[in-house]
Structures are given as C-alpha cells and as structure tokens.
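Here's the structure we're looking at; comments come further down.
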Amino acid sequence: MTLAAVDAVDRFEHAWAAQRREKRRAVALGAVVLTVCVAASAWMAEVNVRNLVDGIPGAFDYIWRTVPVLRIETFRTDMAEWYWGFGKWSKLLFETVVVAGLATLLAFAIAYVACFPASANLNPNGWSVWIVRRALEVARAVPTLVYALIFVFAFGLGALPGMLAVMVHSAGALGKLFAEVNENVDPRSVEGVQAAGASWWQTMRYGVSPQVMPNYASYALLRFEINVREAAVLGFVGAGGIGEELLLAVRQFIYPEISAIVLMIVATVAVIDIVCERLRTRLMGGANRA
C-alpha cells in the first residue's frame, strides 16, 4: 500500500471517529433534554408514582366488575340479560354514526372551499392566505368538547350540537391537511388550465382538484373514523348519541351495562376502520396507477 493510500485511510478513520463522537454527544444531549422535559412534565402534572402504582389494582378491579356472569347452561338467558337494551343502544349508536358521517361530509365541503385560498402556491394574495389559515387554526385548536358545550347551550340537548361541534373541528383539521396536499400539486396542469383562459376557481376545479381528490377522500375517511369516536364521547355533555347512555350507566354503577355498550362501540368502530381502510387503499392505489 502506498503512502498516499495509507494517509487517505488514516484521514477517513479520523473523520469517522469524529463523526461517531459528535453523534454520541448529540444522543447524550438529546437524552438529557428528554429526561429534563419528562421530569418537568411529571412535576407540573403532579404525577405521584406511589398513587399510580396503588391505583392500578383498582383499575383492574373496575374492569373486572364490568365482566358479566355467563354460564353455559343459561348462556342465552345471561346474554339476553347482559344486552337487554340492544335495540335502544343500536338506535343510539346509529345516531352517533350518522352524526359523525354528516359532520364529516359538511366539514369536507367547508375544507374543500377553504383549502385553496389557504395554499400559498395557489393564492397570490398573501393577506387572504394568512386570514384563512388562522381561521382554520381556530376551528381545530378548540377541543370538540368545548364546541359541544357551546352548541348545547345555544341549541339545547340533542344530536345537532354534537354534529356542529364535530363539523367545526373537522373542518379546521381537514382544511389544513388539504392545503398541505395542494402545495405538492404539479404546476404544469395549473398553468395549462390558466393558459386556456380559466378563472381562478375554474383553475382550482379543473387544474388542482383532479390531482388531489384521492388524497382528500383518504383524509376524509380517516377523519370519519376519528369522528365516530368523538361523537360517542360528546354524549357525555348532552350532545346525543350512545355517549349519553354510557354516561348514565357509569354514573349509576351498572357495570355489565358499561361493558355491553363499550363492546358495541368498539365493534362498530372496528368495522368502520376496516371498511375505510379498504376504501383508502383503493383510492390511493388508483391515484398511484394514474
């Protein structure tokens, strides 16, 4: 091996060792920062490890109380007693799914209209981009439960406040996602439509929408899954659906009824997740083939 080759190998080993030392320092610094952040968060949240450990058996005891007594010899009778309110619960669960579906559909429409003005690469007016983005931030920054409380106060108890609360929050979330998708469109299609004399909205309709609609639909389906779960929880504040019945069972300590309703919600959400996942796969597969 020549002297030049030996010198090159030596420089490489020194550079590699220096990179390894820098990486170790970065990892150590990151670990220290993470530890400090976790410790500060635990202190601010008043986390008590002893209370946490002491409370774990109580949590398992609560879950065990919700497990019904099912005997082989009286299985049908026990199941009928466990799901005595199946008809009523099914109607309330259907109401929850409808609330989530309608809220998602309306949120999709609002987000579709708002996402184009919120895209800096599509909207030349910087001030309107800023205004629309801030409006979407306000819509998604406020928790859904807070919106539900406001709308319950305004419109009274029922499904309408829950639907409005989910719609507003979903519109803000979908609007942001749609705007980010818009930032990755092929500008050649947009320029071609503009060259044909299309207006700004026509450009969005025919130059941008065909490129991004599969992504929009995928995000909307994902949001629908989330909204079904959120709509179930909104019943806790009187916004309709299965949540009200679950809260009633929790407050009255009717443990088997709690597990019956929860299992119905889990099964419904699981079915919706599976169906939406298949639809998303088809949509994105079609988009990739296109």
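FYI, nothing fancy with the structure tokens labels: chains A, B, ... in order, residues from 1 per chain, ligands from 1 as they appear.
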
- For region 195-201 of chain A, list every protein, DNA or RNA residue within 9 Å, evaluated using only C-alpha atoms, and leave out those in the same chain fewer than 6 positions away; present the list as a VMD selection string. chain A and resid 116 122 to 123

Selected residues, N, CA, C and O atoms, written as a JSON list (two decimals), in the first residue's frame, please.
```json
[["chain", "number", "residue", "atom", "x", "y", "z"],
["A", 116, "PHE", "N", -58.09, 25.99, -0.81],
["A", 116, "PHE", "CA", -57.42, 26.65, -1.94],
["A", 116, "PHE", "C", -56.95, 28.06, -1.58],
["A", 116, "PHE", "O", -55.80, 28.42, -1.87],
["A", 122, "LEU", "N", -51.09, 28.60, -4.51],
["A", 122, "LEU", "CA", -52.25, 28.75, -5.38],
["A", 122, "LEU", "C", -52.93, 30.11, -5.23],
["A", 122, "LEU", "O", -53.62, 30.56, -6.14],
["A", 123, "ASN", "N", -52.76, 30.73, -4.08],
["A", 123, "ASN", "CA", -53.40, 32.02, -3.82],
["A", 123, "ASN", "C", -52.35, 33.13, -3.81],
["A", 123, "ASN", "O", -51.50, 33.18, -2.92]]
```

- Item | Near-Arg280 (chain A) list (9 Å; only C-alpha atoms; drop same-chain fewer than 4 positions) as a VMD selection string | chain A and resid 214 to 215 217 to 219 221 to 222 275 to 276 284 to 285

- May I have the residues within 12 Å of region 237-248 of chain A as a PyMOL selection string, using only C-alpha atoms and disregarding those fewer than 4 positions away in the same chain? chain A and resi 85-100+144-166+228-233+252-265+268

Dump as a short mmCIF file (atom, residue, chain, number, x, y, z; two decimals), in the first residue's frame, selection limited to C-alpha atoms:
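Once written, part_10.cif looks like this:
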```cif
data_model
loop_
_atom_site.label_atom_id
_atom_site.label_comp_id
_atom_site.auth_asym_id
_atom_site.auth_seq_id
_atom_site.Cartn_x
_atom_site.Cartn_y
_atom_site.Cartn_z
CA GLY A 85 -81.13 -2.73 25.79
CA PHE A 86 -79.60 -3.87 22.50
CA GLY A 87 -82.40 -2.33 20.41
CA LYS A 88 -82.23 1.05 22.14
CA TRP A 89 -78.45 1.08 22.16
CA SER A 90 -78.32 0.19 18.47
CA LYS A 91 -80.51 3.17 17.61
CA LEU A 92 -78.33 5.49 19.68
CA LEU A 93 -75.19 4.04 18.13
CA PHE A 94 -76.65 4.52 14.67
CA GLU A 95 -77.41 8.11 15.62
CA THR A 96 -73.77 8.55 16.66
CA VAL A 97 -72.52 7.18 13.32
CA VAL A 98 -74.95 9.40 11.39
CA VAL A 99 -73.81 12.45 13.38
CA ALA A 100 -70.18 11.63 12.58
CA THR A 144 -64.52 19.31 20.31
CA LEU A 145 -65.98 19.05 23.81
CA VAL A 146 -65.74 22.82 24.23
CA TYR A 147 -67.60 23.34 20.96
CA ALA A 148 -70.20 20.81 22.10
CA LEU A 149 -70.77 22.69 25.36
CA ILE A 150 -71.19 25.96 23.45
CA PHE A 151 -73.66 24.48 20.98
CA VAL A 152 -75.58 22.62 23.70
CA PHE A 153 -76.02 25.95 25.47
CA ALA A 154 -77.14 27.58 22.20
CA PHE A 155 -79.35 24.86 20.72
CA GLY A 156 -80.20 22.62 23.66
CA LEU A 157 -79.62 18.90 24.15
CA GLY A 158 -79.62 16.52 21.21
CA ALA A 159 -77.69 15.40 18.18
CA LEU A 160 -77.48 18.83 16.49
CA PRO A 161 -74.94 20.33 18.93
CA GLY A 162 -72.77 17.23 18.62
CA MET A 163 -72.87 17.33 14.84
CA LEU A 164 -71.96 21.03 14.76
CA ALA A 165 -69.10 20.55 17.22
CA VAL A 166 -67.58 17.70 15.23
CA VAL A 228 -67.24 8.30 15.21
CA ARG A 229 -65.21 8.00 18.39
CA GLU A 230 -65.52 11.70 19.16
CA ALA A 231 -69.27 11.69 18.57
CA ALA A 232 -69.62 8.84 21.07
CA VAL A 233 -67.79 10.86 23.72
CA GLN A 252 -75.33 4.55 38.19
CA PHE A 253 -72.52 1.96 38.50
CA ILE A 254 -74.32 -0.54 36.26
CA TYR A 255 -71.09 -2.35 35.44
CA PRO A 256 -72.31 -5.05 32.98
CA GLU A 257 -74.17 -2.40 31.01
CA ILE A 258 -70.95 -0.39 30.70
CA SER A 259 -69.11 -3.31 29.09
CA ALA A 260 -72.06 -4.08 26.80
CA ILE A 261 -72.18 -0.54 25.41
CA VAL A 262 -68.39 -0.24 25.16
CA LEU A 263 -68.15 -3.50 23.21
CA MET A 264 -70.82 -2.29 20.80
CA ILE A 265 -68.87 0.93 20.25
CA THR A 268 -68.76 -0.52 15.31
#
```

- Query: Out of A:Met79, A:Ala135, A:Val266, A:Leu279, which residue has the shortest atom-to-atom distance to Gly175 (chain A) when counting only C-alpha atoms?
  - Reply: A:Ala135
